[in-house]
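target.pdb, holding PDB, C-alpha atoms, pLDDT in the B column:
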```
ATOM      1  CA  MET A   1     -82.440 223.303 128.567  1.00 37.00           C
ATOM      2  CA  LEU A   2     -79.492 221.281 127.334  1.00 48.00           C
ATOM      3  CA  CYS A   3     -80.727 217.808 126.520  1.00 57.00           C
ATOM      4  CA  LEU A   4     -84.123 218.554 125.000  1.00 49.00           C
ATOM      5  CA  HIS A   5     -83.386 216.063 122.321  1.00 47.00           C
ATOM      6  CA  LYS A   6     -80.750 213.369 122.807  1.00 47.00           C
ATOM      7  CA  ASP A   7     -79.703 213.415 119.137  1.00 50.00           C
ATOM      8  CA  VAL A   8     -79.018 217.174 119.184  1.00 49.00           C
ATOM      9  CA  VAL A   9     -76.481 216.829 121.974  1.00 45.00           C
ATOM     10  CA  SER A  10     -74.976 213.754 120.327  1.00 45.00           C
ATOM     11  CA  LEU A  11     -74.419 215.809 117.186  1.00 45.00           C
ATOM     12  CA  LEU A  12     -72.793 218.605 119.164  1.00 48.00           C
ATOM     13  CA  HIS A  13     -70.368 216.361 121.016  1.00 51.00           C
ATOM     14  CA  SER A  14     -70.188 212.591 121.133  1.00 55.00           C
ATOM     15  CA  ASP A  15     -68.913 212.516 124.721  1.00 58.00           C
ATOM     16  CA  CYS A  16     -72.227 213.518 126.259  1.00 70.00           C
ATOM     17  CA  SER A  17     -75.200 211.450 127.393  1.00 77.00           C
ATOM     18  CA  CYS A  18     -78.514 212.909 128.507  1.00 77.00           C
ATOM     19  CA  LEU A  19     -79.704 212.118 132.009  1.00 77.00           C
ATOM     20  CA  SER A  20     -82.713 214.413 131.817  1.00 76.00           C
ATOM     21  CA  PRO A  21     -83.896 217.337 129.679  1.00 72.00           C
ATOM     22  CA  THR A  22     -81.612 219.666 131.642  1.00 72.00           C
ATOM     23  CA  GLU A  23     -78.695 217.439 132.665  1.00 76.00           C
ATOM     24  CA  CYS A  24     -75.864 215.849 130.693  1.00 79.00           C
ATOM     25  CA  LEU A  25     -73.421 213.196 131.870  1.00 84.00           C
ATOM     26  CA  CYS A  26     -69.929 213.664 130.438  1.00 86.00           C
ATOM     27  CA  LYS A  27     -67.562 210.830 129.653  1.00 87.00           C
ATOM     28  CA  GLN A  28     -64.242 210.751 131.470  1.00 89.00           C
ATOM     29  CA  GLY A  29     -61.933 213.550 130.332  1.00 91.00           C
ATOM     30  CA  TRP A  30     -64.735 215.978 129.413  1.00 89.00           C
ATOM     31  CA  MET A  31     -66.813 218.575 131.273  1.00 87.00           C
ATOM     32  CA  GLY A  32     -69.159 221.499 130.651  1.00 83.00           C
ATOM     33  CA  ASP A  33     -72.850 221.870 129.862  1.00 77.00           C
ATOM     34  CA  LEU A  34     -72.430 220.074 126.537  1.00 76.00           C
ATOM     35  CA  CYS A  35     -69.389 218.007 127.557  1.00 81.00           C
ATOM     36  CA  ASP A  36     -67.299 219.940 125.065  1.00 82.00           C
ATOM     37  CA  GLU A  37     -64.619 221.198 127.473  1.00 88.00           C
ATOM     38  CA  ASP A  38     -61.488 219.129 127.943  1.00 92.00           C
ATOM     39  CA  VAL A  39     -60.490 218.268 131.527  1.00 94.00           C
ATOM     40  CA  ASN A  40     -56.780 218.938 132.105  1.00 96.00           C
ATOM     41  CA  GLU A  41     -55.910 215.752 133.985  1.00 95.00           C
ATOM     42  CA  CYS A  42     -52.294 216.895 134.292  1.00 96.00           C
ATOM     43  CA  LEU A  43     -53.329 219.445 136.928  1.00 96.00           C
ATOM     44  CA  GLN A  44     -53.868 216.493 139.285  1.00 94.00           C
ATOM     45  CA  ALA A  45     -50.235 215.338 138.749  1.00 93.00           C
ATOM     46  CA  PRO A  46     -50.940 211.733 137.680  1.00 95.00           C
ATOM     47  CA  CYS A  47     -47.394 211.267 136.312  1.00 96.00           C
ATOM     48  CA  SER A  48     -44.123 210.886 138.212  1.00 95.00           C
ATOM     49  CA  HIS A  49     -42.386 213.255 135.765  1.00 94.00           C
ATOM     50  CA  ASP A  50     -43.954 214.928 132.716  1.00 95.00           C
ATOM     51  CA  CYS A  51     -47.634 214.945 131.753  1.00 96.00           C
ATOM     52  CA  VAL A  52     -49.090 215.841 128.344  1.00 97.00           C
ATOM     53  CA  ASN A  53     -52.767 216.788 128.259  1.00 96.00           C
ATOM     54  CA  THR A  54     -54.718 215.697 125.170  1.00 95.00           C
ATOM     55  CA  GLN A  55     -58.355 216.143 124.132  1.00 92.00           C
ATOM     56  CA  GLY A  56     -60.263 213.903 126.541  1.00 90.00           C
ATOM     57  CA  SER A  57     -57.197 212.218 128.015  1.00 94.00           C
ATOM     58  CA  TYR A  58     -53.479 212.578 128.852  1.00 96.00           C
ATOM     59  CA  TYR A  59     -50.233 210.605 128.737  1.00 96.00           C
ATOM     60  CA  CYS A  60     -47.027 210.550 130.750  1.00 97.00           C
ATOM     61  CA  THR A  61     -43.483 210.983 129.451  1.00 96.00           C
ATOM     62  CA  CYS A  62     -40.058 210.544 131.002  1.00 93.00           C
ATOM     63  CA  PRO A  63     -36.850 212.573 130.746  1.00 89.00           C
ATOM     64  CA  LEU A  64     -33.821 211.311 128.818  1.00 84.00           C
ATOM     65  CA  GLY A  65     -32.257 208.327 130.538  1.00 82.00           C
ATOM     66  CA  MET A  66     -35.556 207.115 131.958  1.00 88.00           C
ATOM     67  CA  GLU A  67     -38.267 204.824 130.651  1.00 89.00           C
ATOM     68  CA  LEU A  68     -42.000 204.710 131.355  1.00 92.00           C
ATOM     69  CA  GLU A  69     -43.049 201.779 133.547  1.00 93.00           C
ATOM     70  CA  ASP A  70     -45.840 199.433 132.453  1.00 93.00           C
ATOM     71  CA  ASP A  71     -48.285 201.364 134.657  1.00 96.00           C
ATOM     72  CA  GLY A  72     -47.949 204.289 132.230  1.00 95.00           C
ATOM     73  CA  HIS A  73     -47.394 206.786 135.068  1.00 96.00           C
ATOM     74  CA  ASN A  74     -43.995 206.209 136.665  1.00 95.00           C
ATOM     75  CA  CYS A  75     -40.485 206.435 135.239  1.00 93.00           C
ATOM     76  CA  PHE A  76     -37.435 204.347 136.053  1.00 90.00           C
ATOM     77  CA  SER A  77     -33.746 204.880 135.342  1.00 87.00           C
ATOM     78  CA  CYS A  78     -32.865 203.159 132.095  1.00 77.00           C
ATOM     79  CA  LEU A  79     -29.327 203.896 130.966  1.00 68.00           C
ATOM     80  CA  SER A  80     -28.940 200.238 130.029  1.00 64.00           C
ATOM     81  CA  CYS A  81     -32.131 200.102 127.915  1.00 66.00           C
ATOM     82  CA  GLU A  82     -31.830 199.126 124.259  1.00 63.00           C
ATOM     83  CA  LYS A  83     -32.406 202.645 122.924  1.00 62.00           C
ATOM     84  CA  PHE A  84     -29.447 203.917 124.977  1.00 59.00           C
ATOM     85  CA  GLU A  85     -27.079 201.096 124.015  1.00 59.00           C
ATOM     86  CA  ASN A  86     -26.582 202.626 120.548  1.00 61.00           C
ATOM     87  CA  LEU A  87     -25.981 206.024 122.136  1.00 62.00           C
ATOM     88  CA  SER A  88     -23.399 204.513 124.479  1.00 59.00           C
ATOM     89  CA  LEU A  89     -21.594 202.853 121.560  1.00 63.00           C
ATOM     90  CA  ARG A  90     -21.647 206.121 119.607  1.00 62.00           C
ATOM     91  CA  LEU A  91     -20.202 208.042 122.576  1.00 65.00           C
ATOM     92  CA  GLU A  92     -17.388 205.497 122.882  1.00 70.00           C
ATOM     93  CA  GLU A  93     -16.698 205.849 119.159  1.00 67.00           C
ATOM     94  CA  LEU A  94     -16.619 209.660 119.392  1.00 64.00           C
ATOM     95  CA  ALA A  95     -14.396 209.554 122.476  1.00 69.00           C
ATOM     96  CA  GLY A  96     -11.831 207.618 120.460  1.00 68.00           C
ATOM     97  CA  GLN A  97     -11.768 210.399 117.830  1.00 69.00           C
ATOM     98  CA  VAL A  98     -11.150 213.278 120.250  1.00 67.00           C
ATOM     99  CA  GLU A  99      -7.709 214.151 121.493  1.00 66.00           C
ATOM    100  CA  PRO A 100      -7.575 214.899 125.199  1.00 63.00           C
ATOM    101  CA  ILE A 101      -6.492 218.363 126.313  1.00 62.00           C
ATOM    102  CA  THR A 102      -3.329 217.890 128.328  1.00 64.00           C
ATOM    103  CA  SER A 103      -2.738 221.420 129.564  1.00 59.00           C
ATOM    104  CA  VAL A 104      -4.515 224.700 130.202  1.00 56.00           C
ATOM    105  CA  SER A 105      -2.555 226.471 127.450  1.00 56.00           C
ATOM    106  CA  SER A 106      -3.607 223.915 124.848  1.00 54.00           C
ATOM    107  CA  PHE A 107      -7.212 224.376 126.041  1.00 52.00           C
ATOM    108  CA  PHE A 108      -7.050 228.136 125.351  1.00 52.00           C
ATOM    109  CA  PHE A 109      -5.366 227.477 122.019  1.00 52.00           C
ATOM    110  CA  PHE A 110      -8.244 225.141 121.185  1.00 50.00           C
ATOM    111  CA  LEU A 111     -10.790 227.837 122.087  1.00 51.00           C
ATOM    112  CA  LYS A 112      -9.100 230.451 119.851  1.00 51.00           C
ATOM    113  CA  LYS A 113      -9.448 228.232 116.761  1.00 51.00           C
TER
END
```
Produce structure tokens that represent the structure in this file.
Amino acid sequence: MLCLHKDVVSLLHSDCSCLSPTECLCKQGWMGDLCDEDVNECLQAPCSHDCVNTQGSYYCTCPLGMELEDDGHNCFSCLSCEKFENLSLRLEELAGQVEPITSVSSFFFFLKK
């Protein structure tokens, strides 16, 4: 019997409620006889790109160049977002410091250095 005493189960794991002396009701994100096993929500593919499972929950992430939408599940292209503006300026700055390779022979000379 699992839920002989409500307080015993509560001490074991706070995400469990007793329905009867032999039956527990787990909160969302948990499973098992004592509600002490994490559900891997990522197996159900709730995210448009990357999913990170956490204890009792999950969150979605996006690849570089994309941003998470307000729904917390979908990503959108975001090369003009604020966090990429600084990167764009830095790339322009670096491009101005690099000399272009004008021939194949100068490219191989560059590689030998």
Requested in this report: List the neighbours of Cys42 in chain A out to 10 Å using all atoms listed in the file; skip same-chain residues closer than 2 positions along the sequence, and give me the result as a VMD selection string.
Outcome: chain A and resid 39 to 40 44 to 47 50 to 54 57 to 60
Write the selection just made, keeping C-alpha atoms, as a PDB file, keeping the file's coordinate frame?
```pdb
ATOM      1  CA  VAL A  39     -60.490 218.268 131.527  1.00 94.00           C
ATOM      2  CA  ASN A  40     -56.780 218.938 132.105  1.00 96.00           C
ATOM      3  CA  GLN A  44     -53.868 216.493 139.285  1.00 94.00           C
ATOM      4  CA  ALA A  45     -50.235 215.338 138.749  1.00 93.00           C
ATOM      5  CA  PRO A  46     -50.940 211.733 137.680  1.00 95.00           C
ATOM      6  CA  CYS A  47     -47.394 211.267 136.312  1.00 96.00           C
ATOM      7  CA  ASP A  50     -43.954 214.928 132.716  1.00 95.00           C
ATOM      8  CA  CYS A  51     -47.634 214.945 131.753  1.00 96.00           C
ATOM      9  CA  VAL A  52     -49.090 215.841 128.344  1.00 97.00           C
ATOM     10  CA  ASN A  53     -52.767 216.788 128.259  1.00 96.00           C
ATOM     11  CA  THR A  54     -54.718 215.697 125.170  1.00 95.00           C
ATOM     12  CA  SER A  57     -57.197 212.218 128.015  1.00 94.00           C
ATOM     13  CA  TYR A  58     -53.479 212.578 128.852  1.00 96.00           C
ATOM     14  CA  TYR A  59     -50.233 210.605 128.737  1.00 96.00           C
ATOM     15  CA  CYS A  60     -47.027 210.550 130.750  1.00 97.00           C
TER      16      CYS A  60
END
```
Report task. Please evaluate the PyMOL selection byres ((chain A and resi 64) around 10) against the displayed coordinates and give the resulting residues as an MDAnalysis selection string. Result -> chainID A and resid 61:63 65:67 77:79 84
Report task. Given the file shown, enumerate the residues that the PyMOL selection byres ((chain A and resi 29) around 7) captures and present them as a list in words. Result -> Lys27, Gln28, Trp30, Asp38, Val39, Gly56 and Ser57 of chain A
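Put simply, CA of Thr22 in chain A is 26.1 Å away from CA of Glu41 in chain A.
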Query raised in the report: Restricting the calculation to only C-alpha atoms, which member of A:Asp71, A:Gln55, A:His49, A:Cys35 is positioned closest to Glu23 in chain A?
Result: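 Among the listed residues, A:Cys35 lies closest to Glu23 in chain A.
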Requested in this report: Mind giving me the straight-line distance from CA of Leu43 in chain A to CA of Cys16 in chain A in Å, one decimal?
Outcome: 22.5 Å
Query - Atomic distance CA of Met31 in chain A - CA of Ser48 in chain A, expressed in Å with one decimal - result: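 Going from CA of Met31 in chain A over to CA of Ser48 in chain A, I get 24.9 Å.
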